[in-house]
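For reference, the structure discussed in these notes is given below.
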Amino acid sequence: MMTTLREGHSVPLLNEYKYGIARRRLLQTATGGLKLRKAPWYVHASQISIWAAPLLLYVPFLVLAEVTTWNVYYLGLVYAFLCGGGNLALGIVGVLIRRKFSPVFSVCASQTDEDSVHFNTFFETYDFIFASKGLVGTAIHSLVYGLVAFCGSTMLSPALMRESLPVGGTVPAFVLGWFAVCSALYPLMASPPPEPAIYRPNNAHQFSPLLNGLMRPLYVVLVTSTYYGVRQLVTQPALYTQLLYVAVCALPIGWLLGTLPPLDALVLWLMEQALVVLMGGSPLPTDARLAAMLLVSLATVSVLAVIATKSSLGMLLGSSAMGFVLSQDLFSWTPYRISYYCFKCLRGNLQATTPVFASYWSFDFRHVDTIQSMLKSVGVAGIKGALLLPLGVAVMYLSYTGTTATVQRVVCACTGVLYVVQFLLESSQSLYVMKIFRNPCHPSSTDNTAKFRRRHKILDIISVPRRLLANLLPLLLVSCIGVFIAPSSVHSASGVVWSAIMTARITRKVWQATPSAHLDLTITSVLSLSLSKDNGWAVLGIHTQVFIVGLALDVTRRLWRKLEFVTTLLVGFATHRKLRLTLPLHTCVFVLFFLLSPLLLATMLISSVISAPLLPLFTLPLFVVAFPRTARFWPSCVQFGGSYSKNPDSVFYEQAIPEMARALSSSMKAGAISAQPGTYVLMRFQDRLSIATVLESGYGYCIAHIRGLELQETSCHTVEANRVDDIFERAYGGSCRASVNINPLNTLRPVDSAVITTYSDAHNVLSGVIDQPASLDKFSSNLLKTLVWVLFQHRDNFRRYLPLSTVASVQSQSQAATTSPVKSSAERPTKKLAGKAGSSDDTVSWSSSVGSLELEPIPNPQVLNIRSPAKRLTLLPLRNTLSLPGLIAEDRPLDSDSDATPDRAFAGSLQSAPTLFSVVDRVRLAGGRAGPASPPGTIPIKHSTLNKLRHRFPHDWLRIVTSSRCGQGQPEMPPAEVDQFVKVVLACFSVADTPTSGSLCGAATVTKPLDVYKGFHGEFPHSEHSERLAADTALMHMVHKAYRYAVKLLYDDASLGEVQDDNEMAKCLESYDDDWFIGSETESKWEEAIRNKKPHLFSLGRDLEKSTYTAHVLTLQEMVMNMGQLNPEALHGIWSDLSFELFYLTNDDEERYSIQAHPTVLRNLTIQSADPPLGYSVYSSSILRLPLN
């Protein structure tokens, strides 16, 4: 079994139970879709017959072509008609069978990957072999079937093969060629095979089955079409046709290795290559933007080609102007976005969600700042255009009137000097010069934010010349092009079109990718002046020369990065013990690597030329060429509008994304980080990791996308995260830092650091804090004070509901309620409920009349059938308006003969009862229980118990609170209201304080840490009193708020020292109100506080495994974020292997070898950052526009 040893146990490359699936899929891929499994013989015979039917049908036509003089192409047409018609007839019959017997077809989906398949009816056998396509799909596949049959039969006819191939090569080419043709035709008739080259998940859209069947036939048609074109256009086509015969014979190998891309990936890759390579554009983040920009570029080239027929100088000036325009962010200026904004303005709902098609194009265009930014960009463009026109016209006029070689040499020298200056300025911003030597200008340490900021200002000053040069350089490069370009003497249509394309390319690239175009022009000008004028190089022209040099440099860059990736993976495989395989397999991998080294070099070169990833099989140093794809790698790596999985860590990334984008933009402006598409930047701050991807770049802007990685505490994640921290520590280790990069073979290279404002995350164990009796006693005292603080804050809300002039009337109404029955609004009489005989217990209403303590008899529990609920009391949601609620308690007994419930009876009384505090809401008691023993808004506290609590009330603290609040403009509280307020506070305290609540129930209890934890999260010990409090949501919320304040005071006493006096406590509570969010992490308001950048957050947690309590504290502060560039080839290679393993081999074992920690290539972190469903990042930002000017 293929395994590797890790910490004493084996880790498989591929699990044993996946071996069967892998073998079946490989065989199915190699043959084009034959499902050769344990099945009845007639199933295998049917599949083989269908697969070989095109070849068997071709035999009579082959004989006719050999024994007669009939034209091969006419025979091919008849043969194609028969093949296509037969496939169409068979498909129509299949559609009719499926419609009639659709309930029978279930075996194909359930037994796709089974080793043994059983069939009960003919219809199940048919469904197993043939895929469902529908009439439209059948018609399209039949048409393509006939086309492939024609192309294959003509190209592989012996008469044509003998013209190009030697005698010994005809038979092998015929056999291998027809094997490729039959493998391409079988998916059109039966069902497509699983392909290693997977760009999107299977059935990602409704056209997936149709496109999957067309992939193989497409390549056969492409090769044969090229074959016919070569025979018609080339005078001596023998060599080219031989290569094409080799290509058609090698098609099965390309399909098996996954080198040939799927149809959708191929189209997008060709579009991007046409835009980037031929027209000097930039890769784009979405397919729609790519198609739109390609159409605009083609239209521009067409216009320039027309101008070129009239004037070469006009074409050059026009291409320079259009290059500047196309290098801008056109998608934020589109008329659609402007009309969309105006439409929203007229409707008055700018905050409405942007429709999908709007966000799919560009950015959020809902603010006036966007219009101002657009107008500013237009103004800057006009100024630069005004500067460009005179300079360009003057220099180009000199060139067209006979520029001497001396002027060209001067311009060449100036271009070279400017490139050296630009390179030195960019190197001065990077942390490591030439990726090896540490830059002494960079700060030596990141421990002190203030010192780091002061030292980093040196780099900011150095970056000023570089920024000025970046603005002026495009103008100088356009002038350089005008010096070296010569009047066109080409008069053919193809020559004019080629000249227009190449001129538009170089003038656009000067604006789109200035550093790359600068190097291209520097090398080209040196070669033009160094080489003789008589060779073929001078004849090509400056635009074609720059094109060739640019292609060579791009291939060289990709080849160098692939070489770094191969070396890094090989060194890591050889040096890390946990990455080694068992000894025989480990030795075998090394032997294969060195034996295949020449082939590996060819593989690297081919992948660099076609811009394809290098796929390491199971992330071992065994490489194959993956299929080429767009620069963004994934089909759609951007989740517009921001998206993330349901993870508590997501909100931290959401808050930090703007700060990270600002820091990334600053580093790109200075030149420390490359702004070219395909750049990957790893950002590390505190315990968070994120990876930014540059998707598009232009003149003065770039489009980026940031993913936040999961903060899971797994061994693999910890190993790689620690390695990242170690790399940055060695770069910014103060006196212990290394003067050279001691990790040159790591895929991560530190480049810069920046200060961002985000949350620091701290977890502190509360052992010795909430489990000490002294601390808990202090907690009860703090709770009483925080209740006074919180409840007093809402005094201004309830005063307007009860002016002091109405106190007497309220008292009289309350006294009348105790002596005579009160009628409801419906004037329905009620009877008093008889109290328990001889009961001397009194109840206290927190909303009784002002000035006296209202005493109410406790009814007999048997009469009301009171049942204690089984569930604990939980915190109820709070309304938007917070105020201290209450009501005047009326002794309104219920009519025993009435069908009204107690809740309904009291609901009627509430309509006419005056209130002391504002009534926000009335919440029914849940669970369908009988009504409470006393009216809602009352707590049945014994009068004697209340008297015992009165001495605990902090009157001095109330005076401090009153003076503090009155100093803020609130009137003083009258004595009558003070007495009522005291009763309200003590009533709430009797519920929230555990010992007091227990004493009310007749049980001696003490506060435990668990009680504090549950009270913090909204669970008070269940009692009849807590039910009364829960009946009013707003008051319940305020009690919880005061309880959490008391817990926070307890934590501050342990961490910062005890509060000295009440004035200091008042200041602490004021800071809680203004700067703190104190609550549970599971609440939605916790995330809202983070999004709103609340300075501090506090929560109480519990670790069930360790039986400890923790305090979670978040503080918004400045901290240093380290940034490092990742090797894009390493990420693309690991992602390609991930797609191959999960999509094709279904190797989803969480302990497989390819997902284990790899400290040099950061394999686990790279897998996390992959696009879903392969990756599992917790946050994905929308596309971010980063300004670079």
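FYI, nothing fancy with the structure tokens labels: chains A, B, ... in order, residues from 1 per chain, ligands from 1 as they appear.
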All strand (DSSP E) residues (DSSP, backbone) inside stretch 559-662 of chain A, as a VMD selection string: chain A and resid 614 to 616 623 to 625
Top pick for closest residue to A:Pro628, considering A:Phe437, A:Tyr126, A:Tyr199, A:Tyr1013 and counting only C-alpha atoms: A:Tyr199
Contact residues around stretch 1043-1050 of chain A with only C-alpha atoms at 6 Å, ignoring same-chain residues under 4 positions, as number ranges by chain: A: 782-783, 1016
Minimum-distance residue to A:Gln655, chosen among A:Asn1092, A:Ser297, A:Gln1125, A:Ser1107 (using only C-alpha atoms):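 Comparing A:Asn1092, A:Ser297, A:Gln1125, A:Ser1107 against A:Gln655, the winner is A:Asn1092.
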